[in-house]
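K.L.:
Got a file for you: start-v9.cif, mmCIF, C-alpha atoms.
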```
data_input
#
loop_
_atom_site.label_atom_id
_atom_site.label_comp_id
_atom_site.auth_asym_id
_atom_site.auth_seq_id
_atom_site.Cartn_x
_atom_site.Cartn_y
_atom_site.Cartn_z
CA MET A 14 29.43 -1.30 0.10
CA GLU A 15 26.14 -1.59 1.91
CA LEU A 16 24.72 -4.22 -0.41
CA GLY A 17 23.24 -7.55 0.52
CA LEU A 18 24.57 -10.97 -0.41
CA SER A 19 28.13 -9.70 -0.38
CA SER A 20 30.59 -11.16 -2.84
CA THR A 21 32.94 -12.43 -0.16
CA SER A 22 32.40 -13.54 3.40
CA ASP A 23 36.02 -13.54 4.51
CA LYS A 24 35.42 -11.10 7.34
CA SER A 25 33.54 -13.72 9.28
CA VAL A 26 35.30 -15.40 12.19
CA LEU A 27 32.88 -18.29 12.32
CA LYS A 28 32.01 -19.56 8.88
CA LEU A 29 28.62 -21.22 9.01
CA ASP A 30 27.04 -23.20 6.25
CA PRO A 31 24.10 -21.40 4.56
CA ARG A 32 21.88 -24.34 5.46
CA THR A 33 22.66 -23.89 9.14
CA LYS A 34 21.81 -20.21 8.83
CA LEU A 35 18.48 -21.04 7.25
CA CYS A 36 17.74 -23.53 10.03
CA LEU A 37 18.50 -20.90 12.64
CA LEU A 38 16.44 -18.30 10.77
CA ILE A 39 13.37 -20.52 10.65
CA ALA A 40 13.74 -21.56 14.29
CA ILE A 41 14.14 -17.97 15.47
CA SER A 42 11.14 -16.74 13.51
CA LEU A 43 8.98 -19.63 14.67
CA ILE A 44 9.88 -19.23 18.33
CA MET A 45 10.01 -15.44 18.48
CA VAL A 46 6.78 -14.83 16.56
CA GLY A 47 4.68 -17.57 18.07
CA GLY A 48 6.26 -18.03 21.48
CA LYS A 49 4.65 -17.39 24.82
CA THR A 50 6.20 -15.10 27.37
CA ALA A 51 6.17 -17.47 30.30
CA GLY A 52 7.78 -20.72 31.43
CA VAL A 53 10.03 -22.81 29.19
CA GLU A 54 9.15 -20.80 26.09
CA TYR A 55 10.37 -17.64 27.73
CA ILE A 56 13.79 -19.22 28.21
CA LEU A 57 13.76 -20.41 24.60
CA ARG A 58 12.89 -16.89 23.51
CA VAL A 59 15.82 -15.44 25.44
CA ILE A 60 18.19 -17.97 23.84
CA CYS A 61 16.80 -17.25 20.38
CA ALA A 62 17.07 -13.51 20.91
CA ALA A 63 20.73 -13.94 21.86
CA ILE A 64 21.72 -15.90 18.73
CA PRO A 65 21.65 -12.99 16.24
CA PHE A 66 23.70 -10.90 18.70
CA VAL A 67 26.49 -13.46 18.85
CA LEU A 68 26.41 -14.02 15.10
CA LEU A 69 26.52 -10.29 14.40
CA LEU A 70 29.62 -10.08 16.59
CA THR A 71 31.27 -12.84 14.57
CA VAL A 72 30.95 -10.76 11.40
CA ARG A 73 32.21 -7.69 13.31
CA HIS A 74 29.08 -5.58 13.09
CA ILE A 75 29.69 -4.36 16.62
CA LYS A 76 27.54 -1.25 16.42
CA SER A 77 24.40 -2.92 15.10
CA ALA A 78 24.94 -5.80 17.51
CA LEU A 79 24.99 -3.39 20.46
CA ILE A 80 21.90 -1.48 19.31
CA TYR A 81 20.16 -4.80 18.80
CA VAL A 82 21.05 -6.17 22.22
CA VAL A 83 19.82 -3.02 24.00
CA LEU A 84 16.49 -3.05 22.14
CA ILE A 85 15.89 -6.73 22.60
CA ALA A 86 16.96 -6.85 26.24
CA PHE A 87 14.54 -4.02 26.97
CA SER A 88 11.57 -5.68 25.30
CA VAL A 89 12.24 -9.20 26.51
CA PHE A 90 12.69 -7.90 30.04
CA CYS A 91 9.44 -5.92 29.78
CA GLU A 92 7.57 -8.94 28.49
CA GLY A 93 8.92 -11.13 31.23
CA SER A 94 8.51 -8.96 34.28
CA VAL A 95 6.84 -5.59 33.65
CA ILE A 96 3.84 -6.32 31.44
CA PRO A 97 2.21 -9.01 33.60
CA ASN A 98 2.19 -6.56 36.52
CA ILE A 99 0.49 -3.56 34.92
CA SER A 100 -2.85 -3.20 33.18
CA GLY A 101 -4.99 -0.80 31.19
CA ALA A 102 -3.77 1.53 28.46
CA PRO A 103 -0.04 1.49 29.43
CA ASN A 104 -0.12 -2.30 29.26
CA LEU A 105 -1.58 -2.26 25.74
CA ILE A 106 0.87 0.35 24.43
CA LEU A 107 3.93 -1.27 26.00
CA MET A 108 2.76 -4.65 24.82
CA ILE A 109 2.33 -3.59 21.21
CA LEU A 110 5.71 -1.85 21.25
CA CYS A 111 7.56 -4.75 22.86
CA GLY A 112 5.56 -7.19 20.76
CA ILE A 113 6.74 -5.63 17.53
CA ILE A 114 10.35 -5.43 18.72
CA SER A 115 10.68 -8.88 20.21
CA ARG A 116 8.69 -10.65 17.51
CA PHE A 117 10.16 -9.19 14.36
CA VAL A 118 13.54 -7.65 15.16
CA PRO A 119 15.39 -10.94 15.96
CA GLY A 120 14.13 -12.55 12.76
CA TYR A 121 14.99 -9.42 10.84
CA MET A 122 18.51 -9.25 12.30
CA MET A 123 19.04 -12.94 11.64
CA GLY A 124 17.88 -12.42 8.06
CA TRP A 125 20.20 -9.45 7.75
CA TYR A 126 23.10 -11.50 9.11
CA THR A 127 22.29 -14.33 6.70
CA VAL A 128 22.18 -11.96 3.75
CA ARG A 129 25.33 -10.11 4.76
CA SER A 130 27.43 -13.15 5.48
CA THR A 131 26.43 -15.33 2.55
CA SER A 132 27.63 -14.74 -0.98
CA VAL A 133 25.32 -15.34 -3.90
CA SER A 134 27.25 -18.36 -5.06
CA GLU A 135 27.34 -19.88 -1.57
CA PHE A 136 23.58 -19.46 -1.36
CA MET A 137 23.00 -20.96 -4.81
CA THR A 138 25.32 -23.88 -4.08
CA ALA A 139 23.67 -24.65 -0.76
CA MET A 140 20.23 -24.52 -2.38
CA ASP A 141 21.50 -26.74 -5.18
CA ARG A 142 22.70 -29.31 -2.65
CA MET A 143 19.23 -29.26 -1.05
CA HIS A 144 17.74 -29.96 -4.50
CA VAL A 145 15.65 -26.81 -4.50
CA PRO A 146 14.59 -26.17 -8.12
CA TYR A 147 16.24 -23.24 -9.88
CA PHE A 148 12.98 -21.38 -10.48
CA ILE A 149 12.77 -20.90 -6.71
CA THR A 150 16.45 -20.22 -5.97
CA ILE A 151 16.99 -17.58 -8.66
CA PRO A 152 14.07 -15.34 -7.62
CA PHE A 153 15.07 -15.80 -3.98
CA SER A 154 18.69 -14.79 -4.49
CA VAL A 155 17.56 -11.83 -6.59
CA MET A 156 15.15 -10.82 -3.82
CA PHE A 157 17.71 -10.95 -1.04
CA ARG A 158 20.09 -9.02 -3.20
CA TYR A 159 17.41 -6.44 -3.92
CA PHE A 160 16.00 -5.69 -0.43
CA PRO A 161 18.97 -3.55 0.71
CA THR A 162 18.97 -1.75 -2.65
CA LEU A 163 15.29 -1.01 -2.14
CA SER A 164 15.90 0.78 1.14
CA GLU A 165 18.77 2.67 -0.47
CA GLU A 166 16.53 3.76 -3.33
CA TYR A 167 13.88 4.86 -0.88
CA ARG A 168 16.40 6.97 0.99
CA SER A 169 17.58 8.64 -2.21
CA VAL A 170 14.01 9.44 -3.27
CA HIS A 171 13.31 10.79 0.19
CA ASP A 172 16.42 13.01 0.06
CA ALA A 173 15.61 14.26 -3.42
CA MET A 174 12.12 15.20 -2.31
CA LYS A 175 13.45 16.97 0.76
CA MET A 176 15.89 18.99 -1.33
CA ARG A 177 13.07 20.24 -3.52
CA GLU A 178 10.88 20.80 -0.42
CA ILE A 179 8.18 18.50 -1.71
CA GLY A 180 7.77 16.16 1.25
CA GLN A 181 5.90 18.41 3.68
CA SER A 182 3.78 20.32 1.18
CA VAL A 183 2.00 17.23 -0.14
CA LYS A 184 -1.19 16.80 1.83
CA ASN A 185 -2.91 14.11 -0.20
CA PRO A 186 -1.51 10.73 0.92
CA PHE A 187 -2.11 9.16 -2.48
CA THR A 188 -0.13 11.88 -4.20
CA TYR A 189 2.68 11.37 -1.69
CA ILE A 190 2.70 7.62 -2.32
CA GLU A 191 2.74 8.26 -6.05
CA TYR A 192 5.71 10.62 -5.66
CA VAL A 193 7.64 8.02 -3.68
CA LEU A 194 6.61 4.85 -5.48
CA VAL A 195 6.89 5.92 -9.11
CA PRO A 196 10.64 6.70 -9.00
CA ILE A 197 11.27 3.51 -7.03
CA MET A 198 9.31 1.52 -9.59
CA MET A 199 11.22 3.21 -12.42
CA SER A 200 14.54 2.22 -10.87
CA THR A 201 13.18 -1.26 -10.18
CA VAL A 202 12.48 -1.77 -13.87
CA ARG A 203 15.96 -0.49 -14.72
CA ILE A 204 17.65 -2.72 -12.14
CA ALA A 205 15.71 -5.75 -13.40
CA ASP A 206 16.96 -5.08 -16.92
CA GLU A 207 20.54 -4.58 -15.78
CA LEU A 208 20.51 -7.72 -13.66
CA SER A 209 19.21 -9.85 -16.50
CA ALA A 210 21.89 -8.44 -18.78
CA ALA A 211 24.49 -9.27 -16.11
CA SER A 212 23.15 -12.79 -15.67
CA LEU A 213 23.23 -13.24 -19.45
CA THR A 214 26.90 -12.36 -19.58
CA LYS A 215 27.59 -14.72 -16.69
CA GLY A 216 25.95 -17.53 -18.59
CA LEU A 217 23.10 -18.17 -16.19
CA CYS A 218 20.83 -18.87 -19.17
CA ALA A 219 23.24 -21.30 -20.77
CA GLY A 220 21.68 -24.38 -19.23
CA GLY A 221 23.69 -27.34 -18.07
CA LYS A 222 24.84 -28.03 -14.56
CA ARG A 223 26.07 -25.06 -12.54
CA THR A 224 29.54 -25.48 -11.13
CA HIS A 225 30.99 -23.45 -8.31
CA ILE A 226 34.30 -22.48 -6.87
CA CYS A 227 33.22 -21.68 -3.31
CA GLN A 228 33.74 -24.20 -0.53
CA ILE A 229 30.69 -25.03 1.48
CA SER A 230 30.43 -27.99 3.77
CA ILE A 231 28.59 -28.86 6.92
CA ARG A 232 31.20 -28.95 9.66
CA LEU A 233 31.04 -30.13 13.24
CA TYR A 234 29.70 -26.88 14.70
CA ASP A 235 27.10 -26.76 11.93
CA TRP A 236 25.84 -30.15 13.07
CA LEU A 237 25.89 -29.01 16.70
CA LEU A 238 23.93 -25.85 15.90
CA MET A 239 21.43 -27.76 13.79
CA PHE A 240 20.85 -30.28 16.55
CA GLY A 241 20.51 -27.39 18.97
CA THR A 242 17.85 -25.67 16.87
CA LEU A 243 16.06 -28.96 16.32
CA ALA A 244 16.01 -29.55 20.05
CA MET A 245 14.66 -26.04 20.61
CA ILE A 246 11.88 -26.57 18.07
CA VAL A 247 10.96 -29.91 19.63
CA LEU A 248 10.87 -28.31 23.08
CA PHE A 249 8.85 -25.43 21.65
CA PHE A 250 6.16 -27.70 20.29
CA ALA A 251 6.23 -30.05 23.27
CA PHE A 252 5.25 -27.34 25.75
CA MET B 28 5.00 -13.52 -28.20
CA GLU B 29 7.99 -15.56 -27.07
CA LYS B 30 7.02 -18.79 -25.42
CA LYS B 31 10.16 -19.89 -23.63
CA PHE B 32 10.56 -19.33 -19.92
CA GLU B 33 13.87 -17.58 -19.37
CA VAL B 34 16.17 -16.55 -16.57
CA LYS B 35 15.20 -12.96 -17.35
CA ASP B 36 11.66 -13.78 -16.25
CA LEU B 37 12.90 -15.30 -13.01
CA ILE B 38 14.82 -12.11 -12.27
CA THR B 39 11.71 -10.06 -12.96
CA VAL B 40 9.82 -12.34 -10.58
CA GLY B 41 12.45 -11.90 -7.88
CA ILE B 42 12.67 -8.13 -8.06
CA PHE B 43 8.97 -7.38 -8.25
CA THR B 44 8.14 -9.91 -5.56
CA ALA B 45 10.65 -8.12 -3.32
CA LEU B 46 9.02 -4.75 -4.00
CA TYR B 47 5.52 -6.13 -3.53
CA PHE B 48 6.45 -7.96 -0.35
CA ALA B 49 8.20 -4.92 1.15
CA ILE B 50 5.14 -2.71 0.63
CA THR B 51 2.76 -5.39 1.85
CA PHE B 52 4.84 -5.97 4.95
CA ALA B 53 5.07 -2.27 5.74
CA VAL B 54 1.31 -1.82 5.47
CA ALA B 55 0.53 -5.09 7.25
CA CYS B 56 2.56 -4.02 10.28
CA ILE B 57 -0.19 -1.60 11.26
CA GLY B 58 -2.33 -4.72 11.72
CA PHE B 59 -0.76 -4.89 15.17
CA ILE B 60 -3.20 -2.23 16.30
CA PRO B 61 -6.37 -4.29 16.76
CA ILE B 62 -8.88 -2.17 14.80
CA PHE B 63 -6.61 -1.86 11.74
CA MET B 64 -6.32 -5.64 11.64
CA VAL B 65 -9.86 -5.73 10.28
CA PHE B 66 -9.16 -3.22 7.52
CA MET B 67 -5.81 -4.65 6.51
CA PRO B 68 -7.24 -6.68 3.58
CA LEU B 69 -8.62 -3.42 2.20
CA LEU B 70 -5.56 -1.25 2.75
CA VAL B 71 -2.79 -3.58 1.59
CA PRO B 72 -4.06 -4.14 -1.97
CA ILE B 73 -4.67 -0.41 -2.46
CA PHE B 74 -1.07 0.46 -1.61
CA ALA B 75 0.46 -2.57 -3.27
CA GLY B 76 -1.62 -2.15 -6.44
CA MET B 77 0.86 0.06 -8.27
CA PRO B 78 3.89 -2.28 -8.23
CA LEU B 79 1.59 -5.22 -8.82
CA MET B 80 0.17 -3.67 -11.99
CA LEU B 81 3.66 -2.84 -13.23
CA TYR B 82 4.65 -6.44 -12.54
CA PHE B 83 1.62 -7.78 -14.40
CA SER B 84 2.46 -5.61 -17.37
CA LYS B 85 5.88 -7.29 -17.50
CA ILE B 86 4.49 -10.82 -17.41
CA LYS B 87 4.61 -12.73 -20.67
CA HIS B 88 4.62 -16.34 -19.56
CA PHE B 89 2.43 -18.75 -17.67
CA GLY B 90 3.77 -19.56 -14.21
CA MET B 91 5.36 -16.33 -13.06
CA VAL B 92 2.52 -15.29 -10.77
CA THR B 93 2.47 -18.78 -9.27
CA ILE B 94 6.17 -18.55 -8.44
CA THR B 95 5.53 -15.16 -6.81
CA SER B 96 2.75 -16.64 -4.73
CA VAL B 97 4.92 -19.60 -3.66
CA ILE B 98 7.71 -17.22 -2.61
CA ILE B 99 5.30 -15.04 -0.65
CA ALA B 100 3.89 -18.13 1.03
CA ILE B 101 7.38 -19.28 2.08
CA LEU B 102 8.31 -15.83 3.40
CA MET B 103 5.02 -15.53 5.28
CA PHE B 104 5.47 -18.99 6.75
CA ILE B 105 8.98 -18.10 7.92
CA THR B 106 7.65 -14.93 9.54
CA GLY B 107 5.32 -17.02 11.65
CA HIS B 108 1.98 -17.43 9.89
CA PRO B 109 0.20 -20.79 10.13
CA TYR B 110 0.28 -23.31 7.25
CA PRO B 111 -3.07 -22.45 5.54
CA ILE B 112 -1.17 -19.50 4.05
CA PHE B 113 0.21 -21.94 1.44
CA ILE B 114 -3.27 -22.96 0.29
CA PHE B 115 -4.46 -19.37 0.01
CA CYS B 116 -1.33 -18.02 -1.64
CA ILE B 117 -1.01 -20.72 -4.26
CA GLY B 118 -4.76 -20.75 -4.89
CA ALA B 119 -4.82 -16.99 -5.43
CA GLY B 120 -1.71 -17.25 -7.60
CA LEU B 121 -3.24 -19.89 -9.86
CA LEU B 122 -6.52 -18.00 -10.12
CA THR B 123 -4.69 -14.83 -11.12
CA GLU B 124 -2.64 -16.82 -13.60
CA ILE B 125 -5.85 -17.95 -15.30
CA VAL B 126 -7.31 -14.43 -15.30
CA LEU B 127 -4.15 -13.02 -16.88
CA LYS B 128 -4.05 -15.87 -19.39
CA LEU B 129 -7.62 -15.09 -20.46
CA GLY B 130 -6.51 -11.52 -21.21
CA ASP B 131 -3.56 -12.95 -23.15
CA TYR B 132 -1.19 -11.10 -20.76
CA GLN B 133 -2.00 -7.83 -22.53
CA SER B 134 -5.42 -6.57 -21.57
CA ILE B 135 -5.41 -3.98 -18.81
CA LYS B 136 -8.87 -5.07 -17.75
CA SER B 137 -7.67 -8.57 -16.89
CA CYS B 138 -4.68 -7.08 -15.05
CA VAL B 139 -7.04 -5.06 -12.84
CA ILE B 140 -9.17 -8.13 -12.16
CA GLY B 141 -5.98 -10.09 -11.58
CA SER B 142 -4.88 -7.53 -9.02
CA SER B 143 -8.05 -8.17 -7.06
CA THR B 144 -7.89 -11.96 -7.33
CA PHE B 145 -4.24 -11.95 -6.31
CA SER B 146 -5.10 -9.94 -3.20
CA LEU B 147 -7.15 -12.89 -1.98
CA TRP B 148 -3.95 -14.42 -0.58
CA LEU B 149 -4.22 -11.89 2.26
CA LEU B 150 -7.04 -14.02 3.62
CA GLY B 151 -4.38 -16.59 4.45
CA MET B 152 -2.87 -14.07 6.86
CA VAL B 153 -6.10 -13.59 8.79
CA ILE B 154 -7.56 -17.11 8.52
CA ALA B 155 -6.15 -17.96 11.95
CA PHE B 156 -8.83 -15.75 13.51
CA PHE B 157 -11.70 -17.75 12.04
CA PHE B 158 -13.30 -21.18 11.84
CA GLY B 159 -11.43 -24.16 13.24
CA PHE B 160 -8.24 -22.21 13.88
CA ARG B 161 -9.85 -19.56 16.06
CA GLU B 162 -9.76 -21.17 19.49
CA SER B 163 -6.20 -22.44 19.45
CA TYR B 164 -4.85 -19.30 17.82
CA LEU B 165 -6.54 -17.00 20.31
CA ASN B 166 -5.23 -19.14 23.14
CA SER B 167 -1.68 -18.91 21.84
CA LEU B 168 -2.13 -15.15 21.42
CA ALA B 169 -3.36 -14.87 24.99
CA ASP B 170 -0.14 -16.44 26.22
CA GLY B 171 2.03 -14.13 24.15
CA TYR B 172 0.14 -10.86 24.15
CA GLY B 173 -2.03 -10.93 27.24
CA GLN B 174 -5.75 -11.41 27.67
CA GLU B 175 -6.65 -7.76 27.14
CA TYR B 176 -5.25 -7.68 23.62
CA VAL B 177 -6.97 -10.93 22.74
CA ASP B 178 -10.33 -9.69 24.00
CA LYS B 179 -10.02 -6.66 21.74
CA MET B 180 -8.96 -8.79 18.77
CA SER B 181 -11.70 -11.37 19.19
CA GLY B 182 -14.24 -8.59 19.66
CA TYR B 183 -13.38 -7.25 16.23
CA THR B 184 -13.43 -10.59 14.48
CA PRO B 185 -16.74 -12.47 14.62
CA THR B 186 -17.17 -15.01 11.81
CA TRP B 187 -19.10 -12.72 9.46
CA VAL B 188 -16.10 -10.40 9.32
CA PHE B 189 -14.29 -13.06 7.31
CA PHE B 190 -16.80 -12.73 4.49
CA THR B 191 -16.54 -8.94 4.56
CA MET B 192 -12.79 -9.44 4.35
CA ILE B 193 -13.20 -11.39 1.11
CA ALA B 194 -15.16 -8.44 -0.27
CA MET B 195 -12.54 -6.05 1.10
CA CYS B 196 -9.75 -7.93 -0.68
CA ILE B 197 -11.62 -7.83 -3.98
CA ILE B 198 -12.62 -4.17 -3.69
CA GLY B 199 -9.19 -3.13 -2.42
CA GLY B 200 -7.59 -5.05 -5.26
CA LEU B 201 -9.85 -3.33 -7.79
CA ILE B 202 -9.08 0.13 -6.39
CA GLY B 203 -5.36 -0.65 -6.27
CA GLY B 204 -5.47 -2.06 -9.79
CA LEU B 205 -7.29 0.97 -11.19
CA LEU B 206 -4.88 3.34 -9.44
CA GLY B 207 -1.99 1.29 -10.73
CA ALA B 208 -3.35 1.37 -14.26
CA LYS B 209 -3.70 5.13 -14.01
CA VAL B 210 -0.14 5.53 -12.77
CA LEU B 211 1.13 3.23 -15.51
CA ARG B 212 -0.65 5.30 -18.16
CA LYS B 213 0.60 8.53 -16.67
CA HIS B 214 4.27 7.67 -16.12
CA PHE B 215 5.38 4.41 -17.65
CA ARG B 216 3.56 4.08 -20.97
CA LYS B 217 5.03 7.38 -22.14
CA ALA B 218 8.54 6.35 -21.14
CA GLY B 219 8.07 3.04 -22.93
CA MET B 220 8.66 1.06 -19.75
CA ALA B 221 5.43 -0.87 -19.47
#
```
Translate the structure of the given file into structure tokens.

P.N.:
Amino acid sequence: MELGLSSTSDKSVLKLDPRTKLCLLIAISLIMVGGKTAGVEYILRVICAAIPFVLLLTVRHIKSALIYVVLIAFSVFCEGSVIPNISGAPNLILMILCGIISRFVPGYMMGWYTVRSTSVSEFMTAMDRMHVPYFITIPFSVMFRYFPTLSEEYRSVHDAMKMREIGQSVKNPFTYIEYVLVPIMMSTVRIADELSAASLTKGLCAGGKRTHICQISIRLYDWLLMFGTLAMIVLFFAF
Amino acid sequence: MEKKFEVKDLITVGIFTALYFAITFAVACIGFIPIFMVFMPLLVPIFAGMPLMLYFSKIKHFGMVTITSVIIAILMFITGHPYPIFIFCIGAGLLTEIVLKLGDYQSIKSCVIGSSTFSLWLLGMVIAFFFGFRESYLNSLADGYGQEYVDKMSGYTPTWVFFTMIAMCIIGGLIGGLLGAKVLRKHFRKAGMA
């Protein structure tokens, strides 16, 4: 099943705590989006870009890990040694391309890893331990669960349109957007209803303290990774 | 009208925020090309208007829009926008909340106005180019993107552009809201889904 927030995370070799994953996610986004491409920050960027690759390997997503490492190595290499040496239009094009890849893809892959390797109850439990109020955690877990479904829905709509040969014949962009968005919105409404029915049967509305069966705890390597990310963030802001 | 805030509402918040955020993010990505950066506050609300109007039509309680705005602020902050995004997001969320409340969560007119006030959060995405943030942000951009890119960006964003952007948000929100209302009438009202 290609759905997010999977129900089990047994496939993982290295079982990280959801809080560690969040720490890493924030650090990677901060450093990759805002980082410079020279000096100490360049080294930090290379380290940050490598983290999702290693983590993807630990959940045995070999194929996506390899695609990711090729893309990111290309753009980080370009940023480090090609772009400073050329100018004009090629510089701008290459820079925008590499900029989009190196800024957003690591964060996206890290987010994808987090979603894929964390079950809903692990996420809820970790949030509960951090004393995040439930009116933030519930929408968040629903969101992360819904993003992969959204891309699936989009693909189905796209296929259905292709089969009826609608896609190419629509010239007006607003009509095209209407054709794509309306079915997605319809299914969104339906999914929202189904999810609330499911949550009702699982007693999410019952009130009282939520208990959980999943084991989450911050282990030694979680501490190490957290200290590592903290050190990276400190270095990042110091330079 | 039921008054109690339920888990069902939180799920509605989660799902529609995801849809809204996905569309916003897709449209906002073209902001990488310098000239589109300026028009982003106009384009995003137009495209995101449809799901937003559907979302507004589902809202029955005070507080849901505010939660959406908080979630968007957190996501935007994680994806590397500076902290003023929180002020803009939550401000726009509260303002929209009041507008919707005035329409008693039923009037389409207040939903359309709400769509334009909610779009004001986009200003939080571009605030870094203006006022006190400008110098330091442009410097950090210069290190990451190169001087050429920054020159183009700063050329397109003198201070007065910020005020046009406010107008763009409001107008874009209105257009998006009207389009959304039209789509709702055409497809969802008949099916009894809105």

K.L.:
Suppose a student applies the PyMOL selection byres ((chain A) within 7 of (chain B)) to this structure; what residues should they get, written as a PyMOL selection string?

P.N.:
chain A and resi 39+42-43+46-50+105+108-109+148+151-153+155-156+159-160+198+205+209+218

K.L.:
Quick one, how far is atom CA of A:Thr214 from atom CA of A:Ser134?

P.N.:
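That distance, rounded to one decimal, is 15.7 Å.
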
K.L.:
Could you list the residues chosen by the PyMOL selection byres ((chain B and resi 126) around 10) in this structure as an MDAnalysis selection string?

P.N.:
chainID B and resid 120:125 127:132 136:142 144:145

K.L.:
Work out how far apart atom CA of A:Val83 and atom CA of A:Pro119 are and give it in Å to one decimal.

P.N.:
12.1 Å

K.L.:
Output as AutoDock Vina command-line options the centre and edge lengths (Å, one decimal) of the box along x, y and z of the file that holds every listed atom of stretch 140-144 of chain B after adding 8 Å on each side.

P.N.:
```
--center_x -7.0 --center_y -9.7 --center_z -9.6 --size_x 20.3 --size_y 20.4 --size_z 21.1
```

K.L.:
Write out as a PDB file with C-alpha atoms, keeping the file's coordinate frame the residues lying within 7 Å of A:Ala78, counting all atoms listed in the file and excluding same-chain residues fewer than 6 positions away.

P.N.:
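The resulting file, part.pdb, is shown below:
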```pdb
ATOM      1  CA  PHE A  66      23.700 -10.900  18.700  1.00  0.00           C
ATOM      2  CA  LEU A  69      26.520 -10.290  14.400  1.00  0.00           C
ATOM      3  CA  LEU A  70      29.620 -10.080  16.590  1.00  0.00           C
TER       4      LEU A  70
END
```

K.L.:
Kindly indicate which residue among B:Cys196, B:Ala208, B:Val188, B:Leu102 lies nearest to B:Trp148, using only C-alpha atoms for the distances.

P.N.:
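Once distances to B:Trp148 are computed over only C-alpha atoms, the minimum belongs to B:Cys196.
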
K.L.:
Give me the result of the PyMOL selection byres ((chain B and resi 149-156) around 9) on this file, residue by residue, as a VMD selection string.

P.N.:
chain B and resid 64 to 65 67 to 68 71 to 72 103 108 to 116 145 to 148 157 to 165 180 to 181 184 to 186 189 192 to 193 196

K.L.:
When you draw a straight line from atom CA of A:Gly93 to atom CA of A:Ala251, how long is it in Å?

P.N.:
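Between these atoms lies a distance of 20.7 Å.
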
K.L.:
Need to verify the contact set: stretch 24-38 of chain A, 6 Å, only C-alpha atoms, exclusion of same-chain residues closer than 2 positions in sequence. Can you return it as a PyMOL selection string?

P.N.:
chain A and resi 22+40-41+71-72+231+235

K.L.:
Can you spit out stretch 137-149 of chain A with C-alpha atoms, as a tab-separated table (two decimals), in the first residue's frame, from the structure just given?

P.N.:
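Final file, selection.tsv:
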```tsv
chain	number	residue	atom	x	y	z
A	137	MET	CA	0.07	10.84	18.28
A	138	THR	CA	1.90	9.38	21.27
A	139	ALA	CA	5.05	11.38	20.59
A	140	MET	CA	3.02	14.57	20.21
A	141	ASP	CA	1.17	13.73	23.41
A	142	ARG	CA	4.46	13.37	25.27
A	143	MET	CA	5.50	16.80	23.96
A	144	HIS	CA	2.23	18.21	25.35
A	145	VAL	CA	1.05	19.44	21.97
A	146	PRO	CA	-2.71	20.08	22.26
A	147	TYR	CA	-4.99	17.64	20.45
A	148	PHE	CA	-6.53	20.29	18.20
A	149	ILE	CA	-3.12	20.60	16.55
```
